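See structure below.
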Amino acid sequence: MKNYNALQVEKKWKKEWKESGLYEIDLKEKKRKKFYNLIMFPYPSGDKLHIGHWYNYAPADSYARYMRMQGYNVFEPMGFDSFGLPAENYAIKTGIHPKESTEKNIEYMRKQLSEIGAMYDWNKEVVTSSPEYYKWTQWVFLQLYKNGLAYKKNSPVNWCPDCKTVLANEQVQNGSCDRCGNDVAKKDLSQWFFKITDYADKLLDYSGLDWPEKTIAMQENWIGKSYGCNIDFRLEDGEDILTTYTTRADTIYSVTFLCIAPEHPLVDELTKGTKYEAEVKKVRSEIDKQTLIERTSEGGANKLGCFLGKYAINPMNGEKVPVYMANFVLMYGTGVVMADAHDQRDFEFARKYDIPLKFVISEDGNPIDPADFEGAFVNDGILFDSGDFSGMHNREALPKMMDAIEGQGFGEKTVNFKLRDWLVSRQRYWGAPIPMVNCKKCGEVPVPEEDLPVTLPDDADFTLSDDGKSPLERSEGFMKCACPECGGEALREPDTMDTFVCSSWYFLRYPSSTLEDKPFDKKLTNKWLPVDMYIGGPEHACMHLLYARFINMVLHDLGFINFKEPFKRLVHQGMVTKDGAKMSKSKGNVVSPDEFVNKYGSDVFRMYLMFMGPFTEGGDWNDKGITGIARFVERFWKMINTDYDAVESMNDLKRNLHKLIKKVTEDIEVFHFNTAIAAMMEFTNFALKNGVDGASKKILVQLIAPLAPHLAEECWEVLEHGKSVVDSVWPRFDKKLAQDTTIKIGVQVNGKVRGEIKIMKDASEAEALEAARKLSKVQKYLAEGEVVKEIYVPGKIVGFVVKS
């Protein structure tokens, strides 16, 4: 038997797979059912593939191989999300054009991805920064614009002073830029938005999707649907109305002031020309310096606001309440809130600005005084001082109070969403240009579809500016154009699109990646989509995954595709740590895959990553742990290449083999690769002692094929089964043979567990007691006295009562 040389074997089979076109998929084939297996595509940074890439891509490929052996025509494409800030920042630093550095990085990453030995069909590749691709990203923009779902407006936006660009709300984490980590400021700019809010309700429908509950909950929270009512508070000095939105109409009798968001146009209207105008401007400038988390978090120190010199009338009790501007109020709902002692932020604001407070809810309905409390009373309870509703539980009274407010004509029940429209403008160069033209005569005009793509100029000045203007605005050759409607002089839109627009539809392009006259072939797209299995990180829950669902729904509603949702099943990978700590360059604990792949081969590296723990949970890397997988590969190779003169027990072999088939099949289905590999190890140890016949060897090679593809191909060739193992049929198990005939039960002495026995399921009481008495640990305790009672509960416990 020759020794197994992983590096030589893997080199051999990569060459064979490529030359034979084994992974080039015929998308029009009708014999097999389709299975679209997709991994979130990477950004080509130019760095080496890190362990996170491997942990995502390799197990995902194992699942794809398994599905191919199950008889599916598996489509597993790969591409590159290649627009974005890093390439542009690199250009500013080095002078190397983003196009040049990106293409170089993509070529480098292709080679690295090939080392995994995945089933990627490189003929179907997409690159989002290529004009052939972003032509159709611009087409997507135009479909939204033509149907009233893309619009431009002046708006206070999230501005990152370091990246010098606008950020969508989803890209701001706790008041900081999610890319550079610096504080985000507010800036007034004219920006393009997608009306994702029109789809808020549709986006809350997850029927038919096999998604993690946590991801769904994150999206639901981000969309933030709430049921409440708008309540009109008339200003004391006129007919003007301040409409508040609340989900807690049950606290209306405790309202002692109103608060308006600093961004609300009413603030300026109410204070213009008054003695309060200067104070408003001063306080608002201080609020503008605060991060979103500072504005909205609890804690009196962060509260900022000022009195606007106006009073409003509470429509339920006629009381006069002052009107304030407050930093913790956002432009959600109406941008005006009624403030009371049953909300912690209201309570803190009132204490800071000496505004009176009063409670209307207590545990038992007896009056309580806010002066006796350090914070708001936020629990449910019994109403008091609440008119006809006094004595009722506040949750019981809530819908009745909303009915009363609506019935008396000073409010209406309504539904609100926290979700804001998607800000897609970016003041950067390296992105897809927005296909719009600004004409003095005609206004904003869309670029005709036949004139797409609007291409990026190669001679752009990448220098960033603090005024919020795009680098493209300084490119005269790009900006000047003829108006598509009147033919007069016009200027192009200088902003580029958020890179999330590029990734919001890429899965539709893969099956039609070389199509030139349309974004995708409708018939082919409807055949292959939605994606059957989508794999990627949970950090994309409220950005990419939400945006992709939105764009897919729009294209469905416009008749371009026949399916509403893009991804049927979603699986998130866990995180790989090193010695219990998160990997980072600063800590110096980053694992380089290349070092281990060059030593052990990609199969061993792949299997060790999968062996560390459940795929969705991740695991802890240990440099020494990989040697155990390497030894397993050697033992598996030995088992396949050993000619056994006789098999010790064919019955045991059959039973164990069918249990193994069942185990590996069920584990791969739920991405429990770790326990599938453990079962393979256990069986290999058994087979080396017991012996294994040729038919069983064939099955064992098939079972390991998704987990160690190069090893499996080499073993398949040794067994002379012809063609590729990945095109063989996944083995089926016999249910009777796969049943466990033995069980493990605990053995107690005087109520304490002293051991465990393994017996046949139908073992008699005498057999169970005999097996228990043979345990050395049990014998020790039985020898300490007289056994006065023996207990056997079939399938559950064996027990002894010993009297000293």
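Just remember, in the structure tokens the first chain shown is A, the second B, etc., residues are 1-based per chain, and ligands are 1-based in the order shown.
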
(request) Tell me which protein, DNA and RNA residues are within 7 Å of Leu383 of chain A, counting only C-alpha atoms, leaving out same-chain ones fewer than 5 positions away, and put them as a list in words. (result) Val360, Ile361, Ser362, Gly365, Phe389, Ser390, Gly391, Met392, His393 and Asn394 of chain A

Write the selection just made, keeping N, CA and C atoms, as a PDB file, in the first residue's frame?
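That gives us again34.pdb:
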ATOM      1  N   VAL A 360     -50.376  58.093  36.707  1.00  0.00           N
ATOM      2  CA  VAL A 360     -51.787  57.710  36.629  1.00  0.00           C
ATOM      3  C   VAL A 360     -51.944  56.186  36.700  1.00  0.00           C
ATOM      4  N   ILE A 361     -50.834  55.461  36.931  1.00  0.00           N
ATOM      5  CA  ILE A 361     -50.872  54.006  37.056  1.00  0.00           C
ATOM      6  C   ILE A 361     -50.100  53.617  38.309  1.00  0.00           C
ATOM      7  N   SER A 362     -50.656  52.716  39.060  1.00  0.00           N
ATOM      8  CA  SER A 362     -49.951  52.142  40.211  1.00  0.00           C
ATOM      9  C   SER A 362     -50.311  50.662  40.287  1.00  0.00           C
ATOM     10  N   GLY A 365     -53.832  50.804  42.075  1.00  0.00           N
ATOM     11  CA  GLY A 365     -54.783  51.857  41.750  1.00  0.00           C
ATOM     12  C   GLY A 365     -54.805  52.992  42.751  1.00  0.00           C
ATOM     13  N   PHE A 389     -61.890  56.004  33.077  1.00  0.00           N
ATOM     14  CA  PHE A 389     -61.070  54.788  32.969  1.00  0.00           C
ATOM     15  C   PHE A 389     -60.378  54.432  34.291  1.00  0.00           C
ATOM     16  N   SER A 390     -60.533  55.266  35.275  1.00  0.00           N
ATOM     17  CA  SER A 390     -59.929  54.990  36.584  1.00  0.00           C
ATOM     18  C   SER A 390     -60.469  53.677  37.138  1.00  0.00           C
ATOM     19  N   GLY A 391     -59.597  52.902  37.754  1.00  0.00           N
ATOM     20  CA  GLY A 391     -59.984  51.617  38.319  1.00  0.00           C
ATOM     21  C   GLY A 391     -59.811  50.458  37.354  1.00  0.00           C
ATOM     22  N   MET A 392     -59.558  50.746  36.088  1.00  0.00           N
ATOM     23  CA  MET A 392     -59.345  49.686  35.099  1.00  0.00           C
ATOM     24  C   MET A 392     -57.854  49.350  34.996  1.00  0.00           C
ATOM     25  N   HIS A 393     -57.562  48.101  34.614  1.00  0.00           N
ATOM     26  CA  HIS A 393     -56.177  47.755  34.309  1.00  0.00           C
ATOM     27  C   HIS A 393     -55.769  48.524  33.050  1.00  0.00           C
ATOM     28  N   ASN A 394     -54.560  49.066  33.046  1.00  0.00           N
ATOM     29  CA  ASN A 394     -54.186  49.954  31.941  1.00  0.00           C
ATOM     30  C   ASN A 394     -54.202  49.246  30.580  1.00  0.00           C
TER      31      ASN A 394
END

May I have all residues of segment 559-741 of chain A that DSSP, computed from the backbone, assigns to alpha helix (DSSP H), given as a compact mmCIF listing (two decimals) with N, CA, C and O atoms, in the first residue's frame?
# COMPACT_ATOMS: atom_id res chain seq x y z
N PRO A 593 -4.63 30.12 7.07
CA PRO A 593 -4.97 28.83 6.46
C PRO A 593 -3.84 28.26 5.60
O PRO A 593 -3.62 27.05 5.58
N ASP A 594 -3.13 29.15 4.88
CA ASP A 594 -2.09 28.68 3.95
C ASP A 594 -1.07 27.78 4.64
O ASP A 594 -0.64 26.76 4.07
N GLU A 595 -0.67 28.14 5.84
CA GLU A 595 0.34 27.37 6.56
C GLU A 595 -0.10 25.92 6.76
O GLU A 595 0.67 24.98 6.56
N PHE A 596 -1.35 25.73 7.13
CA PHE A 596 -1.86 24.39 7.42
C PHE A 596 -2.25 23.65 6.15
O PHE A 596 -2.08 22.43 6.06
N VAL A 597 -2.78 24.38 5.16
CA VAL A 597 -3.14 23.75 3.89
C VAL A 597 -1.88 23.23 3.20
O VAL A 597 -1.87 22.14 2.62
N ASN A 598 -0.81 24.01 3.25
CA ASN A 598 0.44 23.60 2.63
C ASN A 598 1.08 22.40 3.32
O ASN A 598 1.86 21.67 2.72
N LYS A 599 0.73 22.21 4.58
CA LYS A 599 1.30 21.09 5.33
C LYS A 599 0.42 19.85 5.28
O LYS A 599 0.90 18.73 5.07
N TYR A 600 -0.89 20.04 5.47
CA TYR A 600 -1.81 18.90 5.59
C TYR A 600 -2.73 18.70 4.39
O TYR A 600 -3.33 17.63 4.25
N SER A 602 -5.95 20.63 1.81
CA SER A 602 -7.20 21.34 2.06
C SER A 602 -8.27 20.45 2.68
O SER A 602 -9.13 20.92 3.43
N ASP A 603 -8.25 19.14 2.37
CA ASP A 603 -9.25 18.24 2.95
C ASP A 603 -9.14 18.19 4.47
O ASP A 603 -10.15 18.26 5.18
N VAL A 604 -7.92 18.06 4.96
CA VAL A 604 -7.70 18.00 6.41
C VAL A 604 -8.10 19.31 7.04
O VAL A 604 -8.76 19.35 8.09
N PHE A 605 -7.72 20.42 6.41
CA PHE A 605 -8.05 21.74 6.95
C PHE A 605 -9.56 21.93 6.97
O PHE A 605 -10.13 22.41 7.95
N ARG A 606 -10.20 21.56 5.87
CA ARG A 606 -11.66 21.68 5.77
C ARG A 606 -12.34 20.86 6.86
O ARG A 606 -13.24 21.35 7.56
N MET A 607 -11.92 19.61 7.02
CA MET A 607 -12.58 18.75 8.00
C MET A 607 -12.31 19.20 9.43
O MET A 607 -13.20 19.09 10.29
N TYR A 608 -11.12 19.73 9.69
CA TYR A 608 -10.86 20.19 11.07
C TYR A 608 -11.76 21.38 11.41
O TYR A 608 -12.29 21.46 12.53
N LEU A 609 -11.93 22.30 10.47
CA LEU A 609 -12.84 23.42 10.70
C LEU A 609 -14.25 22.92 11.01
O LEU A 609 -14.92 23.43 11.91
N MET A 610 -14.70 21.93 10.26
CA MET A 610 -16.05 21.40 10.47
C MET A 610 -16.15 20.57 11.73
O MET A 610 -17.23 20.44 12.31
N PHE A 611 -15.02 20.02 12.18
CA PHE A 611 -15.01 19.15 13.35
C PHE A 611 -15.03 19.94 14.67
O PHE A 611 -15.40 19.40 15.72
N ILE A 626 -5.60 19.80 14.72
CA ILE A 626 -5.69 19.39 13.32
C ILE A 626 -4.95 18.08 13.07
O ILE A 626 -5.26 17.36 12.12
N THR A 627 -3.98 17.75 13.93
CA THR A 627 -3.21 16.51 13.73
C THR A 627 -4.12 15.28 13.89
O THR A 627 -3.86 14.24 13.27
N GLY A 628 -5.15 15.39 14.71
CA GLY A 628 -6.09 14.28 14.88
C GLY A 628 -6.84 13.98 13.59
O GLY A 628 -7.07 12.81 13.25
N ILE A 629 -7.20 15.03 12.85
CA ILE A 629 -7.87 14.85 11.55
C ILE A 629 -6.89 14.25 10.54
O ILE A 629 -7.26 13.38 9.74
N ALA A 630 -5.64 14.70 10.58
CA ALA A 630 -4.63 14.15 9.67
C ALA A 630 -4.45 12.65 9.91
O ALA A 630 -4.34 11.87 8.95
N ARG A 631 -4.45 12.24 11.18
CA ARG A 631 -4.31 10.81 11.50
C ARG A 631 -5.54 10.03 11.01
O ARG A 631 -5.43 8.90 10.54
N PHE A 632 -6.71 10.64 11.14
CA PHE A 632 -7.94 9.99 10.67
C PHE A 632 -7.87 9.74 9.16
O PHE A 632 -8.24 8.67 8.68
N VAL A 633 -7.38 10.73 8.40
CA VAL A 633 -7.25 10.57 6.94
C VAL A 633 -6.33 9.39 6.62
O VAL A 633 -6.62 8.58 5.73
N GLU A 634 -5.23 9.29 7.35
CA GLU A 634 -4.29 8.18 7.13
C GLU A 634 -4.94 6.84 7.43
O GLU A 634 -4.76 5.85 6.70
N ARG A 635 -5.72 6.78 8.52
CA ARG A 635 -6.39 5.53 8.90
C ARG A 635 -7.48 5.17 7.89
O ARG A 635 -7.68 3.99 7.56
N PHE A 636 -8.20 6.18 7.40
CA PHE A 636 -9.23 5.94 6.40
C PHE A 636 -8.59 5.39 5.12
O PHE A 636 -9.09 4.43 4.51
N TRP A 637 -7.50 6.00 4.71
CA TRP A 637 -6.76 5.54 3.51
C TRP A 637 -6.29 4.10 3.68
O TRP A 637 -6.39 3.28 2.76
N LYS A 638 -5.79 3.79 4.87
CA LYS A 638 -5.33 2.44 5.18
C LYS A 638 -6.49 1.45 5.09
O LYS A 638 -6.35 0.36 4.51
N MET A 639 -7.64 1.83 5.63
CA MET A 639 -8.81 0.95 5.62
C MET A 639 -9.24 0.64 4.19
O MET A 639 -9.53 -0.51 3.84
N ILE A 640 -9.27 1.64 3.33
CA ILE A 640 -9.70 1.45 1.95
C ILE A 640 -8.70 0.60 1.17
O ILE A 640 -9.07 -0.21 0.31
N ASN A 641 -7.42 0.73 1.49
CA ASN A 641 -6.37 0.04 0.73
C ASN A 641 -5.95 -1.30 1.31
O ASN A 641 -5.05 -1.95 0.78
N MET A 650 -19.98 -10.00 9.88
CA MET A 650 -20.71 -9.30 8.84
C MET A 650 -21.97 -8.64 9.38
O MET A 650 -22.37 -7.57 8.93
N ASN A 651 -22.59 -9.28 10.37
CA ASN A 651 -23.80 -8.70 10.96
C ASN A 651 -23.49 -7.38 11.64
O ASN A 651 -24.21 -6.39 11.47
N ASP A 652 -22.41 -7.37 12.45
CA ASP A 652 -22.01 -6.13 13.10
C ASP A 652 -21.63 -5.07 12.07
O ASP A 652 -21.95 -3.88 12.23
N LEU A 653 -20.93 -5.50 11.02
CA LEU A 653 -20.52 -4.56 9.98
C LEU A 653 -21.75 -3.92 9.32
O LEU A 653 -21.81 -2.70 9.15
N LYS A 654 -22.73 -4.74 8.97
CA LYS A 654 -23.92 -4.21 8.32
C LYS A 654 -24.68 -3.24 9.23
O LYS A 654 -25.10 -2.16 8.81
N ARG A 655 -24.87 -3.67 10.50
CA ARG A 655 -25.60 -2.81 11.43
C ARG A 655 -24.88 -1.47 11.62
O ARG A 655 -25.50 -0.40 11.55
N ASN A 656 -23.60 -1.53 11.86
CA ASN A 656 -22.83 -0.30 12.10
C ASN A 656 -22.77 0.58 10.85
O ASN A 656 -22.81 1.81 10.94
N LEU A 657 -22.68 -0.06 9.69
CA LEU A 657 -22.62 0.70 8.45
C LEU A 657 -23.93 1.44 8.20
O LEU A 657 -23.92 2.63 7.84
N HIS A 658 -25.05 0.78 8.39
CA HIS A 658 -26.33 1.44 8.14
C HIS A 658 -26.64 2.50 9.20
O HIS A 658 -27.28 3.52 8.89
N LYS A 659 -26.18 2.30 10.41
CA LYS A 659 -26.29 3.36 11.42
C LYS A 659 -25.45 4.57 11.01
O LYS A 659 -25.86 5.72 11.20
N LEU A 660 -24.28 4.30 10.43
CA LEU A 660 -23.40 5.37 9.99
C LEU A 660 -24.03 6.15 8.83
O LEU A 660 -24.00 7.39 8.83
N ILE A 661 -24.60 5.45 7.87
CA ILE A 661 -25.26 6.13 6.74
C ILE A 661 -26.35 7.05 7.27
O ILE A 661 -26.47 8.22 6.87
N LYS A 662 -27.15 6.53 8.18
CA LYS A 662 -28.24 7.32 8.78
C LYS A 662 -27.69 8.54 9.51
O LYS A 662 -28.18 9.67 9.35
N LYS A 663 -26.66 8.33 10.29
CA LYS A 663 -26.07 9.40 11.09
C LYS A 663 -25.49 10.51 10.21
O LYS A 663 -25.78 11.70 10.40
N VAL A 664 -24.66 10.13 9.24
CA VAL A 664 -24.01 11.12 8.38
C VAL A 664 -25.05 11.87 7.54
O VAL A 664 -24.99 13.09 7.39
N THR A 665 -26.04 11.16 7.02
CA THR A 665 -27.09 11.79 6.23
C THR A 665 -27.84 12.83 7.04
O THR A 665 -28.01 13.98 6.61
N GLU A 666 -28.30 12.45 8.21
CA GLU A 666 -29.09 13.37 9.04
C GLU A 666 -28.25 14.54 9.54
O GLU A 666 -28.76 15.67 9.65
N ASP A 667 -26.99 14.30 9.84
CA ASP A 667 -26.13 15.38 10.34
C ASP A 667 -25.81 16.41 9.26
O ASP A 667 -25.82 17.62 9.53
N ILE A 668 -25.51 15.96 8.05
CA ILE A 668 -25.21 16.90 6.98
C ILE A 668 -26.44 17.74 6.66
O ILE A 668 -26.33 18.95 6.38
N GLU A 669 -27.62 17.14 6.72
CA GLU A 669 -28.85 17.87 6.43
C GLU A 669 -28.99 19.11 7.31
O GLU A 669 -29.51 20.14 6.89
N PHE A 673 -21.74 18.93 10.71
CA PHE A 673 -20.62 18.21 10.11
C PHE A 673 -19.71 17.61 11.17
O PHE A 673 -19.07 16.58 10.95
N ASN A 674 -19.64 18.26 12.32
CA ASN A 674 -18.74 17.80 13.39
C ASN A 674 -19.09 16.39 13.86
O ASN A 674 -18.22 15.53 14.00
N THR A 675 -20.38 16.15 14.07
CA THR A 675 -20.77 14.82 14.54
C THR A 675 -20.76 13.79 13.42
O THR A 675 -20.57 12.60 13.68
N ALA A 676 -20.92 14.24 12.18
CA ALA A 676 -20.81 13.32 11.04
C ALA A 676 -19.37 12.81 10.93
O ALA A 676 -19.12 11.61 10.73
N ILE A 677 -18.41 13.73 11.10
CA ILE A 677 -16.99 13.34 11.04
C ILE A 677 -16.63 12.44 12.21
O ILE A 677 -15.91 11.45 12.05
N ALA A 678 -17.17 12.76 13.39
CA ALA A 678 -16.90 11.92 14.57
C ALA A 678 -17.41 10.49 14.35
O ALA A 678 -16.75 9.51 14.72
N ALA A 679 -18.57 10.37 13.72
CA ALA A 679 -19.13 9.04 13.44
C ALA A 679 -18.26 8.29 12.43
O ALA A 679 -18.06 7.07 12.55
N MET A 680 -17.73 9.01 11.44
CA MET A 680 -16.84 8.39 10.47
C MET A 680 -15.56 7.89 11.14
O MET A 680 -15.05 6.81 10.81
N MET A 681 -15.06 8.65 12.07
CA MET A 681 -13.85 8.25 12.81
C MET A 681 -14.11 6.97 13.60
O MET A 681 -13.31 6.02 13.59
N GLU A 682 -15.24 6.96 14.29
CA GLU A 682 -15.59 5.81 15.13
C GLU A 682 -15.75 4.55 14.28
O GLU A 682 -15.26 3.47 14.64
N PHE A 683 -16.39 4.69 13.13
CA PHE A 683 -16.58 3.52 12.27
C PHE A 683 -15.25 3.04 11.70
O PHE A 683 -15.02 1.84 11.57
N THR A 684 -14.39 3.98 11.33
CA THR A 684 -13.08 3.59 10.77
C THR A 684 -12.29 2.77 11.78
O THR A 684 -11.65 1.76 11.42
N ASN A 685 -12.34 3.16 13.04
CA ASN A 685 -11.66 2.39 14.10
C ASN A 685 -12.25 0.98 14.19
O ASN A 685 -11.53 -0.01 14.31
N PHE A 686 -13.58 0.90 14.11
CA PHE A 686 -14.25 -0.40 14.16
C PHE A 686 -13.84 -1.26 12.96
O PHE A 686 -13.52 -2.44 13.09
N ALA A 687 -13.85 -0.66 11.76
CA ALA A 687 -13.57 -1.41 10.54
C ALA A 687 -12.14 -1.93 10.50
O ALA A 687 -11.89 -3.04 10.00
N LEU A 688 -11.20 -1.17 11.01
CA LEU A 688 -9.81 -1.61 11.01
C LEU A 688 -9.61 -2.85 11.89
O LEU A 688 -8.72 -3.67 11.65
N LYS A 689 -10.46 -2.99 12.90
CA LYS A 689 -10.38 -4.17 13.78
C LYS A 689 -11.23 -5.32 13.24
O LYS A 689 -10.83 -6.48 13.25
N ASN A 690 -12.41 -4.98 12.77
CA ASN A 690 -13.39 -5.98 12.35
C ASN A 690 -13.18 -6.47 10.92
O ASN A 690 -13.53 -7.59 10.57
N GLY A 694 -15.61 -5.06 0.18
CA GLY A 694 -15.53 -4.09 -0.90
C GLY A 694 -16.77 -3.24 -1.07
O GLY A 694 -16.68 -2.03 -1.31
N ALA A 695 -17.93 -3.84 -0.92
CA ALA A 695 -19.18 -3.08 -1.07
C ALA A 695 -19.30 -2.00 0.00
O ALA A 695 -19.78 -0.89 -0.26
N SER A 696 -18.87 -2.34 1.20
CA SER A 696 -18.93 -1.38 2.29
C SER A 696 -17.91 -0.26 2.09
O SER A 696 -18.17 0.91 2.41
N LYS A 697 -16.75 -0.60 1.53
CA LYS A 697 -15.74 0.42 1.24
C LYS A 697 -16.29 1.47 0.28
O LYS A 697 -16.07 2.68 0.44
N LYS A 698 -17.03 1.00 -0.71
CA LYS A 698 -17.63 1.92 -1.67
C LYS A 698 -18.53 2.93 -0.96
O LYS A 698 -18.46 4.15 -1.21
N ILE A 699 -19.35 2.43 -0.06
CA ILE A 699 -20.27 3.31 0.68
C ILE A 699 -19.50 4.29 1.55
O ILE A 699 -19.84 5.48 1.64
N LEU A 700 -18.44 3.82 2.18
CA LEU A 700 -17.65 4.69 3.05
C LEU A 700 -17.00 5.83 2.28
O LEU A 700 -16.95 6.97 2.76
N VAL A 701 -16.53 5.55 1.08
CA VAL A 701 -15.95 6.60 0.25
C VAL A 701 -17.02 7.61 -0.15
O VAL A 701 -16.78 8.83 -0.17
N GLN A 702 -18.22 7.12 -0.44
CA GLN A 702 -19.31 8.03 -0.78
C GLN A 702 -19.67 8.93 0.41
O GLN A 702 -19.94 10.12 0.24
N LEU A 703 -19.66 8.37 1.59
CA LEU A 703 -20.03 9.15 2.78
C LEU A 703 -19.01 10.23 3.09
O LEU A 703 -19.37 11.31 3.59
N ILE A 704 -17.75 9.97 2.79
CA ILE A 704 -16.73 10.97 3.11
C ILE A 704 -16.54 11.97 1.97
O ILE A 704 -15.91 13.01 2.13
N PRO A 709 -13.29 15.90 -0.40
CA PRO A 709 -13.52 15.55 -1.81
C PRO A 709 -12.30 14.97 -2.53
O PRO A 709 -12.45 14.07 -3.35
N HIS A 710 -11.10 15.47 -2.25
CA HIS A 710 -9.91 14.97 -2.95
C HIS A 710 -9.58 13.55 -2.49
O HIS A 710 -9.28 12.66 -3.32
N LEU A 711 -9.63 13.33 -1.19
CA LEU A 711 -9.39 12.01 -0.63
C LEU A 711 -10.39 11.01 -1.22
O LEU A 711 -10.03 9.89 -1.60
N ALA A 712 -11.65 11.41 -1.28
CA ALA A 712 -12.69 10.51 -1.79
C ALA A 712 -12.45 10.14 -3.25
O ALA A 712 -12.62 8.98 -3.64
N GLU A 713 -12.05 11.12 -4.06
CA GLU A 713 -11.79 10.82 -5.48
C GLU A 713 -10.65 9.82 -5.63
O GLU A 713 -10.71 8.91 -6.46
N GLU A 714 -9.62 9.99 -4.82
CA GLU A 714 -8.47 9.09 -4.92
C GLU A 714 -8.87 7.68 -4.48
O GLU A 714 -8.49 6.68 -5.12
N CYS A 715 -9.64 7.58 -3.42
CA CYS A 715 -10.12 6.27 -2.95
C CYS A 715 -11.06 5.63 -3.98
O CYS A 715 -11.02 4.41 -4.21
N TRP A 716 -11.91 6.44 -4.58
CA TRP A 716 -12.85 5.98 -5.60
C TRP A 716 -12.10 5.38 -6.78
O TRP A 716 -12.49 4.35 -7.33
N GLU A 717 -11.00 6.03 -7.13
CA GLU A 717 -10.18 5.53 -8.23
C GLU A 717 -9.51 4.21 -7.85
O GLU A 717 -9.44 3.28 -8.66
N VAL A 718 -9.03 4.11 -6.60
CA VAL A 718 -8.41 2.87 -6.11
C VAL A 718 -9.39 1.71 -6.19
O VAL A 718 -9.04 0.58 -6.56
N LYS A 735 -33.77 0.93 7.42
CA LYS A 735 -34.27 1.42 8.71
C LYS A 735 -34.14 0.39 9.82
O LYS A 735 -33.82 0.73 10.97
N LYS A 736 -34.38 -0.87 9.49
CA LYS A 736 -34.28 -1.91 10.52
C LYS A 736 -32.85 -2.08 10.99
O LYS A 736 -32.57 -2.18 12.19
N LEU A 737 -31.91 -2.12 10.03
CA LEU A 737 -30.51 -2.29 10.40
C LEU A 737 -29.96 -1.05 11.11
O LEU A 737 -29.03 -1.15 11.92
N ALA A 738 -30.52 0.11 10.79
CA ALA A 738 -30.02 1.36 11.38
C ALA A 738 -30.56 1.62 12.78
O ALA A 738 -30.10 2.52 13.47

(request) May I have the residues within 10 Å of Phe80 of chain A as a count of residues only, using only C-alpha atoms and disregarding those fewer than 6 positions away in the same chain? (result) 16

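Residues in contact with Glu100 of chain A at 10 Å, where only C-alpha atoms are counted and same-chain residues fewer than 4 positions away are skipped, are listed as Ala87, Ala91, Ile96, Lys104 and Asn105 of chain A.
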
(request) Rank A:Thr274, A:Thr296, A:Thr741, A:Thr137 by their smallest atom-to-atom distance to Lys761 of chain A, using only C-alpha atoms, and report the top residue only. (result)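 Using only C-alpha atoms, Lys761 of chain A sits closest to A:Thr741.
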
(message) For a quick check of understanding, using only C-alpha atoms, which of A:Tyr4, A:Trp139, A:Phe500, A:Trp54 has the smallest distance to Val576 of chain A?
(response)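 Ranked by minimum distance to Val576 of chain A, first place goes to A:Trp54.
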
(request) Tell me, as a ChimeraX atom specification, which residues lie within 10 Å of Asn37 of chain A, counting only C-alpha atoms; anything in the same chain fewer than 2 positions away does not count. (result) /A:34-35,39,60-61,63-65,67,74-77,531-535,569

(request) Name the closest residue to Val554 of chain A among the candidates A:Arg32, A:Lys195, A:Lys164, A:Lys777; distances are taken between atoms, counting only C-alpha atoms. (result) A:Lys195

(request) Please identify all polymer residues within 6 Å of Glu756 of chain A, counting only C-alpha atoms, omitting same-chain residues fewer than 3 positions from it, and present them as a PyMOL selection string. (result) chain A and resi 745-747

(message) Which residues are near Asp188 of chain A? Cut-off 7 Å, only C-alpha atoms, ignore same chain within fewer than 3 positions. Put them as a list of chain:residue names.
(response) A:Asn154, A:Ser155, A:Pro156, A:Val157

(request) Could you tell me which of A:Val647, A:Val788, A:Val729, A:Leu209 comes closest to Tyr66 of chain A if we count only C-alpha atoms? (result)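 Of all the options, A:Val729 lies closest to Tyr66 of chain A.
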
Compile a residue-level contact table for segment 525-573 of chain A against segment 221-224 of chain A at a cut-off of 10 Å, reporting for every qualifying residue the shortest atom pair and its distance in Å to one decimal, with only C-alpha atoms counted, rows ordered by chain and ascending number, as a tab-separated table.
residue	atom	partner	partner_atom	distance
A:Ala541	CA	A:Trp222	CA	9.5
A:Cys542	CA	A:Trp222	CA	6.9
A:Met543	CA	A:Trp222	CA	10.0
A:Leu546	CA	A:Ile223	CA	9.6

(request) Report the residues of segment 519-577 of chain A whose backbone DSSP state falls under strand (DSSP E), written as a list in words. (result) Val531, Asp532, Met533, Tyr534, Ile535, Gly536, Phe567, Lys568, Arg569, Leu570, Val571, His572, Met575, Val576 and Thr577 of chain A

(message) Just to confirm, what's the straight-line distance from atom CA of Phe377 of chain A to atom CA of Phe347 of chain A in Å (one decimal)?
(response) 9.3 Å

(message) Given only C-alpha atoms as the basis, pick out the residue of A:Arg773, A:Arg234, A:Lys568, A:Arg248 nearest to Lys310 of chain A.
(response)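 So, comparing all the options, the nearest one is A:Arg234.
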
(message) Restricting the calculation to only C-alpha atoms: of A:Asp517, A:Asp620, A:Asp201, A:Asp288, which residue gets closest to Gly580 of chain A?
(response) A:Asp620
